[in-house]
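A.B. asks: Got a structure for you, questions after.
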Amino acid sequence: ELLLQRGLALGIERREPSARRAIVSAVVDGITSADLPEPDRAALEAFYRENAARWARPGDVLVEAARVPKDAPDAEARAAEMVRRARAGESLDVINAELGAPIEPPLPPGKTSPDALRDRAGDVVVQALLALPPGETSEPVRAFDGLWVVRLLARDPDVQPPLDAVYEPVRQAWLERAHAERLEQELAALRARATIERRDAPDEPAP
């Protein structure tokens with residue numbers, strides 16, 4: 001306590017960025033961690049409708065893929081050649097048999113969910129795939145097990161889950177928004193009461 005008082009007397013909270021950040025963080029935590037009433041079902045349903053795209057799940061996809069192992073000679077050149085030939089109309093399955101390596105375990109046959117594909121190919125490959133329009137081929141994608149080239153053949157419409165399937169994430173997002181709104185309200189009240197002086201403002205001309 002004595003050291004704290006000494007620090008305040010020295011103005012450390014004004015001069016030391018770490019001290020300022022700690023104080024500001026504590027104030028923000030005090031504002032945003034205050035108890036909020038639990039949202040009722042109607043409030044969550046309205047919030048979910050307003051932000052439905054946030055919880056939409058990508059539809060099933062039909063893909064072709066080829067992979068060059070990361071330790072293969074000329075891996076980048078081979079992956080670039082895969083892209084060139086695929087965009088010229090060749091099947092990636094045929095190209096992979098010539099330039100790549102077997103994908104083991106193989107990707108699920110037919111249409112599959114992006115989550116199932118992510119379990120096999122990794123998140124970075126699925127992100128590149130979902131950014132493609134149907135019929136397009138990706139640039140080489142560097143993943144944990146090599147360079148991938150993927151083509152999106154078809155994609156089903158996104159799936160909107162019922163509220164009950166994503167109830168807790170929606171509730172948490174509602175609370176985060178409520179906390180942010182409370183913080184903004186508190187800041188607005190502080191601004192209204194504050195007196196702001198510009199130290200760098202030019203002197204007013206003499207009358």
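How things are named: the first chain in the structure tokens is A, the next is B, and so on; residues count from 1 in each chain; ligands count from 1 in the order shown.
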Enumerate, as a short mmCIF file (atom, residue, chain, number, x, y, z; two decimals) with N, CA and C atoms, in the first residue's frame, the complete set of residues in region 91-180 of chain A that a backbone-based DSSP assignment places in alpha helix (DSSP H).
C.D. replies:
```
data_model
loop_
_atom_site.label_atom_id
_atom_site.label_comp_id
_atom_site.auth_asym_id
_atom_site.auth_seq_id
_atom_site.Cartn_x
_atom_site.Cartn_y
_atom_site.Cartn_z
N LEU A 92 -7.67 -33.54 -62.00
CA LEU A 92 -6.63 -33.55 -60.98
C LEU A 92 -6.27 -34.97 -60.56
N ASP A 93 -7.21 -35.89 -60.66
CA ASP A 93 -6.89 -37.28 -60.34
C ASP A 93 -5.81 -37.81 -61.28
N VAL A 94 -5.95 -37.52 -62.57
CA VAL A 94 -4.96 -37.96 -63.55
C VAL A 94 -3.63 -37.25 -63.32
N ILE A 95 -3.70 -35.95 -63.09
CA ILE A 95 -2.48 -35.16 -62.87
C ILE A 95 -1.75 -35.65 -61.63
N ASN A 96 -2.50 -35.95 -60.57
CA ASN A 96 -1.87 -36.37 -59.33
C ASN A 96 -1.14 -37.71 -59.50
N ALA A 97 -1.72 -38.59 -60.32
CA ALA A 97 -1.07 -39.89 -60.55
C ALA A 97 0.29 -39.72 -61.22
N GLU A 98 0.44 -38.63 -61.97
CA GLU A 98 1.69 -38.40 -62.69
C GLU A 98 2.68 -37.54 -61.91
N LEU A 99 2.18 -36.50 -61.26
CA LEU A 99 3.08 -35.52 -60.65
C LEU A 99 3.07 -35.53 -59.13
N PRO A 114 -17.49 -29.83 -45.38
CA PRO A 114 -16.18 -29.21 -45.19
C PRO A 114 -15.51 -29.67 -43.90
N ASP A 115 -16.29 -29.97 -42.87
CA ASP A 115 -15.69 -30.43 -41.62
C ASP A 115 -14.99 -31.77 -41.81
N ALA A 116 -15.63 -32.69 -42.54
CA ALA A 116 -15.00 -33.98 -42.80
C ALA A 116 -13.75 -33.81 -43.66
N LEU A 117 -13.81 -32.90 -44.61
CA LEU A 117 -12.65 -32.64 -45.45
C LEU A 117 -11.53 -31.99 -44.64
N ARG A 118 -11.91 -31.14 -43.71
CA ARG A 118 -10.92 -30.48 -42.86
C ARG A 118 -10.15 -31.49 -42.01
N ASP A 119 -10.84 -32.53 -41.56
CA ASP A 119 -10.18 -33.56 -40.76
C ASP A 119 -9.08 -34.26 -41.55
N ARG A 120 -9.23 -34.33 -42.86
CA ARG A 120 -8.24 -35.03 -43.68
C ARG A 120 -7.20 -34.07 -44.27
N ALA A 121 -7.65 -32.95 -44.82
CA ALA A 121 -6.73 -32.08 -45.57
C ALA A 121 -6.23 -30.90 -44.76
N ASP A 123 -7.22 -27.25 -42.24
CA ASP A 123 -8.04 -26.04 -42.33
C ASP A 123 -7.61 -25.14 -43.48
N VAL A 124 -6.31 -24.99 -43.69
CA VAL A 124 -5.86 -24.05 -44.72
C VAL A 124 -6.30 -24.50 -46.11
N VAL A 125 -6.34 -25.80 -46.35
CA VAL A 125 -6.79 -26.31 -47.65
C VAL A 125 -8.29 -26.06 -47.82
N VAL A 126 -9.06 -26.31 -46.76
CA VAL A 126 -10.51 -26.11 -46.84
C VAL A 126 -10.83 -24.63 -47.02
N GLN A 127 -10.11 -23.75 -46.35
CA GLN A 127 -10.34 -22.31 -46.54
C GLN A 127 -10.12 -21.91 -47.99
N ALA A 128 -9.05 -22.41 -48.59
CA ALA A 128 -8.79 -22.10 -50.00
C ALA A 128 -9.89 -22.66 -50.89
N LEU A 129 -10.37 -23.85 -50.57
CA LEU A 129 -11.43 -24.46 -51.38
C LEU A 129 -12.72 -23.66 -51.30
N LEU A 130 -13.11 -23.26 -50.09
CA LEU A 130 -14.38 -22.56 -49.93
C LEU A 130 -14.36 -21.16 -50.53
N TYR A 167 -27.25 -22.65 -29.54
CA TYR A 167 -27.81 -21.77 -28.50
C TYR A 167 -26.72 -21.10 -27.67
N GLU A 168 -25.75 -21.87 -27.19
CA GLU A 168 -24.74 -21.29 -26.29
C GLU A 168 -23.84 -20.29 -27.01
N PRO A 169 -23.33 -20.57 -28.22
CA PRO A 169 -22.56 -19.53 -28.91
C PRO A 169 -23.36 -18.26 -29.17
N VAL A 170 -24.65 -18.41 -29.49
CA VAL A 170 -25.49 -17.22 -29.71
C VAL A 170 -25.65 -16.45 -28.40
N ARG A 171 -25.87 -17.16 -27.32
CA ARG A 171 -26.01 -16.50 -26.01
C ARG A 171 -24.74 -15.73 -25.65
N GLN A 172 -23.57 -16.36 -25.85
CA GLN A 172 -22.31 -15.70 -25.54
C GLN A 172 -22.11 -14.46 -26.41
N ALA A 173 -22.46 -14.55 -27.68
CA ALA A 173 -22.33 -13.40 -28.56
C ALA A 173 -23.26 -12.28 -28.14
N TRP A 174 -24.48 -12.63 -27.70
CA TRP A 174 -25.42 -11.60 -27.21
C TRP A 174 -24.84 -10.90 -25.98
N LEU A 175 -24.26 -11.66 -25.07
CA LEU A 175 -23.67 -11.06 -23.87
C LEU A 175 -22.47 -10.18 -24.22
N GLU A 176 -21.65 -10.60 -25.18
CA GLU A 176 -20.52 -9.78 -25.60
C GLU A 176 -21.00 -8.45 -26.17
N ARG A 177 -22.05 -8.50 -26.97
CA ARG A 177 -22.58 -7.26 -27.52
C ARG A 177 -23.14 -6.37 -26.41
N ALA A 178 -23.84 -6.99 -25.45
CA ALA A 178 -24.39 -6.21 -24.34
C ALA A 178 -23.27 -5.55 -23.51
N HIS A 179 -22.18 -6.29 -23.30
CA HIS A 179 -21.04 -5.71 -22.57
C HIS A 179 -20.44 -4.55 -23.35
N ALA A 180 -20.28 -4.72 -24.68
CA ALA A 180 -19.72 -3.65 -25.50
C ALA A 180 -20.62 -2.41 -25.48
#
```
A.B. asks: For Leu62 (chain A), which of A:Ala154, A:Met82, A:Val24, A:Leu107 is the closest residue, counting only C-alpha atoms?
C.D. replies: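 That would be A:Ala154, the residue with the smallest distance to Leu62 (chain A).
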A.B. asks: Which residues, written as a VMD selection string, have at least one atom at most 12 Å from region 77-79 of chain A, with only C-alpha atoms counted and residues fewer than 3 positions away on the same chain left out?
C.D. replies: chain A and resid 65 to 74 82 to 86 92 95 to 96 98 to 101 137 to 142 146 to 150
A.B. asks: Leaving out Glu13 (chain A) and any residue of its chain fewer than 5 positions from it, which residues lie within 12 Å of it when counting only C-alpha atoms, given as a list of chain:residue names?
C.D. replies: A:Leu4, A:Gln5, A:Arg6, A:Gly7, A:Leu8, A:Ser18, A:Ala19, A:Arg20, A:Arg21, A:Ala22, A:Ile23, A:Val24
A.B. asks: Those residues you just picked out, can you put them in a file as a JSON list (two decimals), in the first residue's frame with N, CA, C and O atoms?
C.D. replies:
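Everything below was put into selection_36.json:
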```json
[["chain", "number", "residue", "atom", "x", "y", "z"],
["A", 4, "LEU", "N", 2.32, 1.68, -3.39],
["A", 4, "LEU", "CA", 1.29, 2.15, -4.31],
["A", 4, "LEU", "C", 1.07, 3.64, -4.15],
["A", 4, "LEU", "O", 1.01, 4.40, -5.12],
["A", 5, "GLN", "N", 0.95, 4.09, -2.89],
["A", 5, "GLN", "CA", 0.75, 5.52, -2.64],
["A", 5, "GLN", "C", 1.93, 6.34, -3.16],
["A", 5, "GLN", "O", 1.76, 7.42, -3.71],
["A", 6, "ARG", "N", 3.14, 5.81, -2.96],
["A", 6, "ARG", "CA", 4.33, 6.50, -3.45],
["A", 6, "ARG", "C", 4.32, 6.60, -4.98],
["A", 6, "ARG", "O", 4.65, 7.64, -5.55],
["A", 7, "GLY", "N", 3.91, 5.52, -5.62],
["A", 7, "GLY", "CA", 3.85, 5.53, -7.08],
["A", 7, "GLY", "C", 2.84, 6.54, -7.60],
["A", 7, "GLY", "O", 3.11, 7.26, -8.57],
["A", 8, "LEU", "N", 1.67, 6.63, -6.95],
["A", 8, "LEU", "CA", 0.68, 7.60, -7.36],
["A", 8, "LEU", "C", 1.19, 9.02, -7.13],
["A", 8, "LEU", "O", 0.94, 9.93, -7.93],
["A", 18, "SER", "N", 2.70, 0.90, -19.08],
["A", 18, "SER", "CA", 2.20, -0.35, -18.53],
["A", 18, "SER", "C", 1.24, -0.10, -17.37],
["A", 18, "SER", "O", 0.23, -0.81, -17.23],
["A", 19, "ALA", "N", 1.53, 0.91, -16.56],
["A", 19, "ALA", "CA", 0.63, 1.25, -15.46],
["A", 19, "ALA", "C", -0.69, 1.79, -15.99],
["A", 19, "ALA", "O", -1.77, 1.45, -15.49],
["A", 20, "ARG", "N", -0.62, 2.64, -17.01],
["A", 20, "ARG", "CA", -1.85, 3.18, -17.60],
["A", 20, "ARG", "C", -2.72, 2.06, -18.18],
["A", 20, "ARG", "O", -3.93, 2.04, -17.99],
["A", 21, "ARG", "N", -2.05, 1.13, -18.90],
["A", 21, "ARG", "CA", -2.81, 0.03, -19.50],
["A", 21, "ARG", "C", -3.48, -0.82, -18.42],
["A", 21, "ARG", "O", -4.62, -1.26, -18.59],
["A", 22, "ALA", "N", -2.77, -1.06, -17.33],
["A", 22, "ALA", "CA", -3.34, -1.89, -16.26],
["A", 22, "ALA", "C", -4.56, -1.21, -15.65],
["A", 22, "ALA", "O", -5.57, -1.86, -15.36],
["A", 23, "ILE", "N", -4.48, 0.10, -15.44],
["A", 23, "ILE", "CA", -5.61, 0.83, -14.84],
["A", 23, "ILE", "C", -6.80, 0.83, -15.80],
["A", 23, "ILE", "O", -7.94, 0.54, -15.40],
["A", 24, "VAL", "N", -6.53, 1.15, -17.07],
["A", 24, "VAL", "CA", -7.62, 1.17, -18.05],
["A", 24, "VAL", "C", -8.26, -0.21, -18.17],
["A", 24, "VAL", "O", -9.48, -0.35, -18.21]]
```
A.B. asks: Tell me, which residues of region 93-170 of chain A carry DSSP strand (DSSP E or B), written as a ChimeraX atom specification?
C.D. replies: /A:112,137,141-143,146-155,159
A.B. asks: Select, from A:Gly135, A:Ile12, A:Pro37, A:Leu163, the residue with the minimum atom-to-atom distance to Asn51 (chain A), counting only C-alpha atoms.
C.D. replies: A:Leu163
A.B. asks: Choose the residue, out of A:Glu76, A:Phe47, A:Ser91, A:Glu64, that has the smallest atom-to-atom separation from Pro106 (chain A); count only C-alpha atoms.
C.D. replies: A:Glu64
A.B. asks: Report as a list in words all protein, DNA and RNA residues lying within 9 Å of Ile31 (chain A), evaluated on only C-alpha atoms, omitting residues in the same chain fewer than 4 positions from it.
C.D. replies: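 The filter keeps Ala26, Val27, His179, Arg182, Leu183 and Glu186 of chain A.
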A.B. asks: Tell me, in Å to one decimal, how far CA of Asp158 (chain A) is from CA of Arg57 (chain A).
C.D. replies: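 Result for CA of Asp158 (chain A) versus CA of Arg57 (chain A): 5.5 Å, one decimal.
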